[in-house]
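S.K.: As input, take input_14.txt (compact mmCIF, C-alpha atoms and all ligand atoms):
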# COMPACT_ATOMS: atom_id res chain seq x y z
CA MET A 1 33.53 69.47 -38.68
CA ASN A 2 36.52 69.59 -41.07
CA ILE A 3 38.33 72.18 -38.94
CA LEU A 4 39.06 70.24 -35.77
CA THR A 5 38.59 72.19 -32.57
CA VAL A 6 41.26 72.16 -29.85
CA LYS A 7 38.92 69.97 -27.79
CA GLU A 8 38.78 67.25 -30.45
CA LYS A 9 42.50 67.41 -31.07
CA ILE A 10 43.17 66.94 -27.35
CA ALA A 11 40.76 64.01 -27.26
CA CYS A 12 42.76 62.39 -30.09
CA GLU A 13 46.16 63.11 -28.55
CA LEU A 14 45.22 61.82 -25.09
CA SER A 15 43.46 58.79 -26.46
CA HIS A 16 46.51 57.76 -28.48
CA SER A 17 49.01 58.46 -25.73
CA GLU A 18 50.52 55.58 -23.74
CA GLY A 19 50.90 57.71 -20.61
CA PHE A 20 50.63 61.27 -19.32
CA ILE A 21 51.09 64.26 -21.63
CA SER A 22 51.97 67.58 -20.02
CA GLY A 23 49.91 70.70 -20.65
CA GLY A 24 53.02 72.32 -22.11
CA GLU A 25 53.56 69.47 -24.57
CA LEU A 26 49.92 69.56 -25.66
CA ALA A 27 50.06 73.35 -26.04
CA GLN A 28 53.14 73.02 -28.22
CA ARG A 29 51.71 70.22 -30.38
CA LEU A 30 48.48 72.14 -30.95
CA GLY A 31 49.99 75.61 -31.19
CA VAL A 32 47.80 77.10 -28.44
CA SER A 33 48.30 78.37 -24.87
CA ARG A 34 48.28 76.12 -21.79
CA ASN A 35 45.22 78.00 -20.61
CA THR A 36 43.37 77.02 -23.79
CA ILE A 37 44.37 73.40 -23.17
CA TRP A 38 43.05 73.58 -19.61
CA LYS A 39 39.70 75.04 -20.77
CA ALA A 40 39.34 72.42 -23.50
CA VAL A 41 40.09 69.62 -21.02
CA GLU A 42 37.36 71.02 -18.74
CA SER A 43 34.94 71.00 -21.65
CA LEU A 44 35.85 67.38 -22.47
CA ARG A 45 35.21 66.43 -18.84
CA GLU A 46 31.81 68.11 -18.99
CA GLU A 47 31.10 66.02 -22.09
CA GLY A 48 31.79 62.87 -20.05
CA PHE A 49 35.47 62.15 -20.74
CA SER A 50 37.38 60.98 -17.69
CA ILE A 51 40.67 62.90 -17.73
CA ASP A 52 43.02 62.99 -14.75
CA ALA A 53 45.47 65.84 -14.20
CA VAL A 54 48.54 65.14 -12.04
CA SER A 55 50.98 67.91 -11.22
CA ASN A 56 54.40 67.60 -12.87
CA ARG A 57 53.11 64.80 -15.11
CA GLY A 58 50.17 66.21 -17.04
CA TYR A 59 46.95 64.76 -18.37
CA ILE A 60 45.82 61.18 -18.93
CA MET A 61 42.53 59.90 -20.38
CA ASN A 62 40.87 57.05 -18.49
CA GLY A 63 37.53 56.82 -20.19
CA ARG A 64 35.24 58.09 -22.90
CA PRO A 65 31.63 59.22 -22.48
CA ASP A 66 28.78 56.82 -22.93
CA ILE A 67 27.18 59.16 -25.42
CA ILE A 68 28.32 59.60 -29.02
CA THR A 69 30.02 62.95 -29.62
CA GLU A 70 32.35 64.21 -32.32
CA ALA A 71 35.22 64.19 -29.80
CA SER A 72 34.46 60.62 -28.68
CA VAL A 73 34.45 59.31 -32.26
CA ARG A 74 37.55 61.29 -33.21
CA SER A 75 39.41 60.02 -30.16
CA CYS A 76 38.93 56.48 -31.52
CA LEU A 77 40.01 57.26 -35.09
CA PRO A 78 43.69 56.87 -36.00
CA LEU A 79 45.71 60.06 -35.44
CA GLY A 80 45.70 62.11 -38.62
CA ASP A 81 42.29 60.89 -39.81
CA ASP A 82 40.71 64.33 -40.19
CA ARG A 83 37.66 63.29 -42.19
CA ASN A 84 34.52 65.39 -41.83
CA LEU A 85 32.13 64.16 -39.14
CA PHE A 86 28.59 65.36 -38.52
CA VAL A 87 27.34 64.05 -35.18
CA PHE A 88 23.74 64.53 -34.01
CA GLU A 89 21.66 63.57 -31.01
CA ASN A 90 18.61 63.35 -33.21
CA ILE A 91 17.99 63.48 -36.95
CA ASP A 92 15.34 62.23 -39.38
CA SER A 93 17.72 59.92 -41.27
CA THR A 94 21.51 60.02 -41.45
CA ASN A 95 21.23 58.78 -45.05
CA ASN A 96 19.04 61.76 -46.01
CA PHE A 97 21.49 64.22 -44.45
CA ALA A 98 24.49 62.51 -46.04
CA LYS A 99 22.84 62.57 -49.46
CA GLU A 100 22.30 66.34 -49.19
CA LEU A 101 25.94 66.75 -48.21
CA ALA A 102 27.09 64.56 -51.08
CA LYS A 103 24.99 66.54 -53.58
CA ASN A 104 26.79 69.66 -52.32
CA GLY A 105 30.19 68.11 -52.95
CA GLU A 106 31.13 66.84 -49.50
CA PRO A 107 34.26 64.65 -49.88
CA ASP A 108 34.78 60.91 -49.73
CA GLY A 109 34.81 59.47 -46.22
CA THR A 110 32.54 62.10 -44.65
CA ALA A 111 30.30 60.49 -42.03
CA VAL A 112 26.96 61.42 -40.49
CA ILE A 113 26.21 59.81 -37.14
CA SER A 114 23.21 60.10 -34.83
CA ASP A 115 22.12 58.70 -31.48
CA MET A 116 18.57 58.28 -32.80
CA GLN A 117 16.54 58.74 -35.99
CA THR A 118 12.95 59.88 -36.30
CA ALA A 119 12.52 58.57 -39.86
CA GLY A 120 15.15 55.85 -40.21
CA LYS A 121 14.95 54.12 -43.58
CA GLY A 122 15.35 50.42 -44.26
CA ARG A 123 15.65 48.54 -47.55
CA MET A 124 12.70 48.12 -49.90
CA GLY A 125 11.04 51.32 -48.65
CA ARG A 126 10.62 49.97 -45.13
CA SER A 127 11.14 52.06 -42.03
CA PHE A 128 14.01 51.31 -39.64
CA SER A 129 13.28 51.52 -35.93
CA SER A 130 15.93 53.85 -34.43
CA PRO A 131 15.50 54.39 -30.66
CA PRO A 132 18.07 56.49 -28.73
CA GLY A 133 20.96 55.39 -26.53
CA LYS A 134 21.27 51.84 -27.83
CA SER A 135 22.47 51.62 -31.35
CA ILE A 136 24.62 53.16 -34.02
CA TYR A 137 23.07 54.98 -36.95
CA MET A 138 25.69 56.15 -39.39
CA SER A 139 26.04 57.02 -43.07
CA VAL A 140 29.27 57.33 -44.99
CA ILE A 141 29.79 59.20 -48.25
CA LEU A 142 31.89 57.17 -50.66
CA ARG A 143 33.30 58.42 -53.92
CA PRO A 144 35.37 55.48 -55.13
CA ASN A 145 37.07 56.17 -58.41
CA THR A 146 35.43 53.23 -60.02
CA ASP A 147 33.43 51.97 -62.97
CA MET A 148 29.82 50.89 -62.74
CA GLU A 149 30.72 47.23 -62.41
CA ALA A 150 32.73 47.74 -59.24
CA SER A 151 30.12 50.11 -57.83
CA GLN A 152 27.59 47.26 -57.83
CA LEU A 153 29.81 45.67 -55.20
CA ILE A 154 29.76 48.58 -52.76
CA THR A 155 27.02 47.20 -50.52
CA SER A 156 28.62 43.77 -50.17
CA CYS A 157 32.04 45.36 -49.69
CA ALA A 158 30.58 47.60 -46.95
CA ALA A 159 28.96 44.58 -45.28
CA ALA A 160 32.31 42.76 -45.14
CA ALA A 161 34.03 45.91 -43.82
CA ALA A 162 31.41 46.46 -41.09
CA ALA A 163 31.53 42.79 -40.07
CA SER A 164 35.31 42.94 -39.81
CA ALA A 165 35.13 46.18 -37.76
CA ILE A 166 32.65 44.71 -35.26
CA ASP A 167 34.76 41.55 -34.91
CA LYS A 168 37.87 43.63 -34.23
CA VAL A 169 36.26 45.69 -31.46
CA CYS A 170 33.94 43.10 -29.91
CA GLY A 171 35.74 39.80 -30.56
CA THR A 172 32.66 38.47 -32.34
CA ASP A 173 32.26 36.27 -35.38
CA VAL A 174 29.75 38.24 -37.42
CA GLU A 175 28.05 36.51 -40.36
CA ILE A 176 26.51 38.08 -43.46
CA LYS A 177 23.08 37.20 -44.76
CA TRP A 178 23.00 38.11 -48.43
CA VAL A 179 22.94 40.79 -49.41
CA ASN A 180 23.77 43.08 -46.54
CA ASP A 181 22.39 42.00 -43.17
CA LEU A 182 24.88 41.26 -40.40
CA PHE A 183 24.02 38.36 -38.11
CA LEU A 184 25.24 37.30 -34.70
CA GLY A 185 24.04 34.15 -32.95
CA GLY A 186 21.60 33.52 -35.81
CA ARG A 187 19.81 36.86 -35.61
CA LYS A 188 20.20 40.27 -37.21
CA ILE A 189 22.35 42.88 -35.48
CA SER A 190 22.81 45.25 -38.39
CA GLY A 191 21.29 46.37 -41.68
CA ILE A 192 22.79 48.38 -44.51
CA LEU A 193 21.05 50.70 -46.95
CA THR A 194 23.08 52.01 -49.87
CA GLU A 195 21.80 54.92 -51.93
CA ALA A 196 23.82 56.05 -54.92
CA SER A 197 23.91 58.70 -57.60
CA VAL A 198 25.21 57.74 -60.99
CA SER A 199 26.46 59.92 -63.79
CA PHE A 200 24.98 58.12 -66.80
CA GLU A 201 26.85 60.21 -69.36
CA ALA A 202 30.25 59.47 -67.87
CA GLY A 203 29.18 55.94 -66.91
CA VAL A 204 30.61 56.36 -63.43
CA LEU A 205 29.40 56.48 -59.89
CA ASP A 206 29.06 60.04 -58.65
CA TYR A 207 28.69 59.08 -55.00
CA ALA A 208 27.28 56.37 -52.77
CA VAL A 209 25.87 56.86 -49.31
CA VAL A 210 26.21 53.70 -47.25
CA GLY A 211 23.91 53.78 -44.21
CA ILE A 212 24.48 51.31 -41.42
CA GLY A 213 22.40 50.60 -38.33
CA ILE A 214 24.02 48.43 -35.63
CA ASN A 215 22.28 47.23 -32.46
CA VAL A 216 24.90 47.56 -29.72
CA ARG A 217 23.00 47.55 -26.42
CA THR A 218 20.20 45.20 -25.48
CA VAL A 219 17.12 45.35 -27.69
CA LYS A 220 15.02 43.20 -25.37
CA ASP A 221 13.27 46.25 -23.93
CA VAL A 222 12.52 47.92 -27.27
CA PHE A 223 11.63 45.06 -29.59
CA ASP A 224 8.99 42.47 -28.89
CA GLY A 225 7.39 39.32 -30.33
CA GLU A 226 8.15 38.77 -33.98
CA LEU A 227 10.97 41.34 -34.14
CA LEU A 228 12.77 39.87 -31.14
CA ASN A 229 12.82 36.48 -32.89
CA LYS A 230 14.65 38.06 -35.80
CA ALA A 231 16.78 40.80 -34.24
CA THR A 232 19.35 40.90 -31.49
CA SER A 233 22.22 43.11 -30.35
CA ILE A 234 25.91 42.73 -29.63
CA GLU A 235 25.21 43.05 -25.89
CA ASP A 236 22.43 40.44 -26.00
CA GLU A 237 24.76 37.95 -27.71
CA ILE A 238 28.09 38.68 -26.01
CA GLY A 239 26.82 39.52 -22.54
CA ARG A 240 28.40 42.94 -22.28
CA SER A 241 28.16 46.26 -24.00
CA PHE A 242 30.81 48.00 -26.06
CA ASP A 243 31.82 51.61 -26.67
CA ARG A 244 29.75 52.78 -29.63
CA SER A 245 32.35 55.38 -30.62
CA GLU A 246 34.97 52.67 -30.91
CA ILE A 247 32.76 50.60 -33.18
CA ILE A 248 31.90 53.65 -35.32
CA ALA A 249 35.59 54.53 -35.75
CA ALA A 250 36.45 50.94 -36.63
CA VAL A 251 33.65 50.80 -39.24
CA LEU A 252 34.91 54.05 -40.82
CA THR A 253 38.49 52.80 -40.92
CA GLU A 254 37.62 49.36 -42.29
CA MET A 255 35.20 50.82 -44.82
CA GLY A 256 37.89 53.12 -46.20
CA ARG A 257 40.36 50.26 -46.41
CA TYR A 258 37.98 47.82 -48.08
CA VAL A 259 36.46 50.27 -50.59
CA GLU A 260 39.88 51.56 -51.64
CA ASP A 261 40.67 48.03 -52.75
CA ILE A 262 37.24 47.21 -54.21
CA HIS A 263 38.59 46.62 -57.74
CA SER A 264 40.63 43.63 -56.58
CA LYS A 265 37.45 41.95 -55.28
CA ASN A 266 39.62 40.61 -52.47
CA PHE A 267 36.82 41.21 -49.97
CA LEU A 268 34.69 38.56 -51.75
CA GLU A 269 36.57 35.70 -50.19
CA GLU A 270 35.74 37.08 -46.76
CA TYR A 271 32.17 37.84 -47.81
CA LYS A 272 31.75 34.20 -48.86
CA ARG A 273 33.40 32.88 -45.71
CA ARG A 274 31.04 34.93 -43.57
CA SER A 275 27.92 33.78 -45.43
CA PHE A 276 25.01 32.91 -43.17
CA ILE A 277 22.73 31.86 -46.01
CA VAL A 278 24.65 29.43 -48.22
CA GLY A 279 23.43 25.86 -47.70
CA LYS A 280 20.09 26.98 -46.26
CA ARG A 281 16.58 26.63 -47.67
CA ILE A 282 15.22 30.04 -48.54
CA ILE A 283 12.28 31.92 -50.02
CA VAL A 284 13.32 34.07 -52.98
CA ILE A 285 11.24 37.24 -53.02
CA LYS A 286 10.86 39.13 -56.28
CA GLY A 287 8.26 41.86 -56.11
CA ASP A 288 5.00 40.12 -55.19
CA THR A 289 6.20 36.60 -55.97
CA GLU A 290 7.82 34.17 -53.56
CA LYS A 291 9.52 30.90 -54.54
CA GLU A 292 11.27 28.26 -52.49
CA ALA A 293 14.90 27.47 -53.32
CA LYS A 294 18.21 26.47 -51.81
CA ALA A 295 21.04 28.99 -51.48
CA VAL A 296 24.02 27.23 -53.05
CA GLY A 297 26.74 29.87 -53.28
CA ILE A 298 27.89 33.45 -53.70
CA SER A 299 28.94 34.43 -57.23
CA ASP A 300 32.04 36.43 -58.11
CA ASP A 301 29.86 39.52 -58.34
CA ALA A 302 28.47 38.96 -54.84
CA GLY A 303 25.20 37.62 -56.28
CA LEU A 304 23.34 34.81 -54.54
CA GLU A 305 23.36 31.51 -56.45
CA VAL A 306 20.12 29.64 -55.84
CA GLU A 307 18.72 26.30 -57.00
CA TYR A 308 14.96 25.83 -57.35
CA SER A 309 13.22 22.50 -56.71
CA ASP A 310 13.13 21.77 -60.49
CA GLY A 311 16.94 21.93 -60.57
CA ILE A 312 17.08 25.28 -62.33
CA ARG A 313 19.79 27.58 -61.02
CA GLU A 314 19.84 31.36 -60.99
CA ILE A 315 22.13 34.10 -59.72
CA LEU A 316 20.26 36.85 -57.88
CA ASN A 317 21.85 40.27 -58.08
CA SER A 318 19.08 42.16 -56.36
CA GLY A 319 15.97 41.51 -54.33
CA GLU A 320 15.57 39.60 -51.14
CA ALA A 321 15.84 36.12 -49.68
CA ARG A 322 14.21 34.90 -46.48
CA ILE A 323 15.70 31.95 -44.67
CA ILE A 324 13.28 29.11 -43.89
CA PRO A 325 13.79 28.12 -40.23
CA ASP A 326 14.94 24.48 -39.73
C1 LIG A 401 17.72 47.33 -43.58
O1 LIG A 401 18.03 46.47 -42.76
O2 LIG A 401 16.66 47.30 -44.21
C2 LIG A 401 18.67 48.47 -43.81
C3 LIG A 401 18.68 49.38 -42.62
C4 LIG A 401 19.61 50.57 -42.75
C5 LIG A 401 19.48 51.51 -41.57
C6 LIG A 401 20.51 52.57 -41.56
S1 LIG A 401 20.58 53.42 -40.01
C7 LIG A 401 21.60 54.64 -40.68
C8 LIG A 401 21.10 54.92 -42.07
N1 LIG A 401 20.05 55.91 -42.05
C9 LIG A 401 18.88 55.42 -42.45
O3 LIG A 401 17.81 56.09 -42.53
N2 LIG A 401 19.00 54.12 -42.75
C10 LIG A 401 20.36 53.68 -42.60
I'd like the structure from this file rewritten - as structure tokens, please.
Ligand code: BTN
M.R.:
Amino acid sequence: MNILTVKEKIACELSHSEGFISGGELAQRLGVSRNTIWKAVESLREEGFSIDAVSNRGYIMNGRPDIITEASVRSCLPLGDDRNLFVFENIDSTNNFAKELAKNGEPDGTAVISDMQTAGKGRMGRSFSSPPGKSIYMSVILRPNTDMEASQLITSCAAAAAASAIDKVCGTDVEIKWVNDLFLGGRKISGILTEASVSFEAGVLDYAVVGIGINVRTVKDVFDGELLNKATSIEDEIGRSFDRSEIIAAVLTEMGRYVEDIHSKNFLEEYKRRSFIVGKRIIVIKGDTEKEAKAVGISDDAGLEVEYSDGIREILNSGEARIIPD
């Protein structure tokens, strides 16, 4: 976790190296013996890393495992990013675990990642299907030093950051359906659930847990009928699969960068540019009521500007909108 093991440090060093690094050099950098390096390399190989050893040259990394491990995620993070990572094969909900950590004072940037969830949570109290081996389920603890106004923007800021991260790794052009769904090829590839704790007396955000689910590998064998019309995956749209650890690391990096600058609202321009909903006919859902409208813009607080058939306009700052198919 926060104290990186030799194994994770080696994964980072090899992953960021242009060529071979000798065992002696690694031992010196990490302050351990060459024998310790050798054992840690063996352990990384057992985990699925492809590491070649060539005499008189040293070690070189040729591939990461297909599974998500702490070492695989760390090897994709920039060198020196020593944030706390909690990586699971299976958990009820990464958001639940992250909230417990946050309550106990875990610092900003800490991430909880799992290969599957048994009780994944979606927005509006819905469940979030979380099968193993296909997707990314991750939650990040954020403690931006910010007032309540800026904290309202965290979800939209996170959506822009995640979209940018996926584009960088996968060469996609991800769109955002207000407020926080990521779309590719007209269907959902990712959802975001933000849960926050507010200190009312101080009028500040104590912490936010931003939970993100991203479909990376094909979903054609797990979703059917109605769901398959609405959801897709990066692999289903792009035609090949991507390294989940690389996407996770990119999301963490972009999220940190975007949230640090949340006060400037600079991300809003990108959020608007990525909008999948503006210009479309929609159903505005408020509790039990549904009303047809047209999405006409995104406000400067990341609200959805809508126009009803009687010409009345409204800015929605919460709730849901469903796009009416053409
Ligand atoms: C939605 O589309 O309704 C939001 C889905 C959010 C799912 C993610 S997966 C990681 C994190 N843990 C959860 O239990 N939910 C979020």
S.K.: With a distance cut-off of 8 Å and all atoms listed in the file, select the neighbouring residues of stretch 153-170 of chain A, excluding the residue or stretch itself and same-chain residues fewer than 5 positions from it, and output the selection as JSON, numbers by chain.
M.R.: {"A": [175, 176, 179, 180, 181, 182, 192, 193, 194, 210, 242, 246, 247, 250, 251, 254, 255, 258, 259, 262, 267, 268, 270, 271, 301, 302]}
S.K.: Please list, as a VMD selection string, the residues that have an atom at most 7 Å away from (31.0, 54.0, -40.0) in the coordinates of this file, counting only C-alpha atoms.
M.R.: chain A and resid 111 138 to 140 248 to 249 251 to 252
S.K.: Please identify the residues whose atoms come within 6 Å of ligand LIG 401 (chain A), using all atoms listed in the file, and report them as a list of chain:residue names.
M.R.: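 Based on all atoms listed in the file, ligand LIG 401 (chain A) is surrounded within 6 Å by A:Ser93, A:Thr94, A:Asn95, A:Gly120, A:Lys121, A:Gly122, A:Arg123, A:Phe128, A:Tyr137, A:Met138, A:Ser139, A:Gly191, A:Ile192, A:Leu193, A:Gly211, A:Ile212, A:Gly213.
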S.K.: Would you kindly return, as an MDAnalysis selection string, each protein, DNA or RNA residue with an atom no farther than 10 Å from any atom of A:Ile315, considering all atoms listed in the file and excluding same-chain residues fewer than 3 positions away?
M.R.: chainID A and resid 295:299 301:307 318
S.K.: Selection from above, C-alpha atoms, as an mmCIF file, keeping the file's coordinate frame, can you write it?
M.R.:
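Final output, part-v9.cif:
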data_model
loop_
_atom_site.group_PDB
_atom_site.id
_atom_site.type_symbol
_atom_site.label_atom_id
_atom_site.label_comp_id
_atom_site.auth_asym_id
_atom_site.auth_seq_id
_atom_site.Cartn_x
_atom_site.Cartn_y
_atom_site.Cartn_z
ATOM 1 C CA ALA A 295 21.040 28.990 -51.480
ATOM 2 C CA VAL A 296 24.020 27.230 -53.050
ATOM 3 C CA GLY A 297 26.740 29.870 -53.280
ATOM 4 C CA ILE A 298 27.890 33.450 -53.700
ATOM 5 C CA SER A 299 28.940 34.430 -57.230
ATOM 6 C CA ASP A 301 29.860 39.520 -58.340
ATOM 7 C CA ALA A 302 28.470 38.960 -54.840
ATOM 8 C CA GLY A 303 25.200 37.620 -56.280
ATOM 9 C CA LEU A 304 23.340 34.810 -54.540
ATOM 10 C CA GLU A 305 23.360 31.510 -56.450
ATOM 11 C CA VAL A 306 20.120 29.640 -55.840
ATOM 12 C CA GLU A 307 18.720 26.300 -57.000
ATOM 13 C CA SER A 318 19.080 42.160 -56.360
#
S.K.: So which residues touch stretch 68-73 of chain A within 9 Å, counting all atoms listed in the file, skipping near sequence neighbours fewer than 5 positions away, as a PyMOL selection string?
M.R.: chain A and resi 1+7-12+44+47+49+85-89+113-115+133+136+244-249
S.K.: Return the single residue from A:Pro65, A:Pro144, A:Gly186, A:Gly225 that is closest to A:Tyr207, with distances computed using only C-alpha atoms.
M.R.: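 Among the listed residues, A:Pro144 lies closest to A:Tyr207.
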S.K.: With all atoms listed in the file as the basis for distance, which of A:Glu195, A:Asp310, A:Glu260, A:Arg217 is at the shortest distance from A:Asp66?
M.R.: A:Arg217
S.K.: Smallest atom-to-atom distance to A:Pro107: which of A:Leu228, A:Leu184, A:Leu316, A:Ile141, using only C-alpha atoms?
M.R.: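 Once distances to A:Pro107 are computed over only C-alpha atoms, the minimum belongs to A:Ile141.
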S.K.: Please identify all polymer residues lying at most 9 Å from the point (24.9, 44.3, -25.9) (file coordinates), using all atoms listed in the file, and present the result as a ChimeraX atom specification.
M.R.: /A:134,215-219,232-242
S.K.: From the list A:Arg45, A:Asp224, A:Val112, A:Thr146, which residue is nearest A:Ala202 when using all atoms listed in the file?
M.R.: A:Thr146
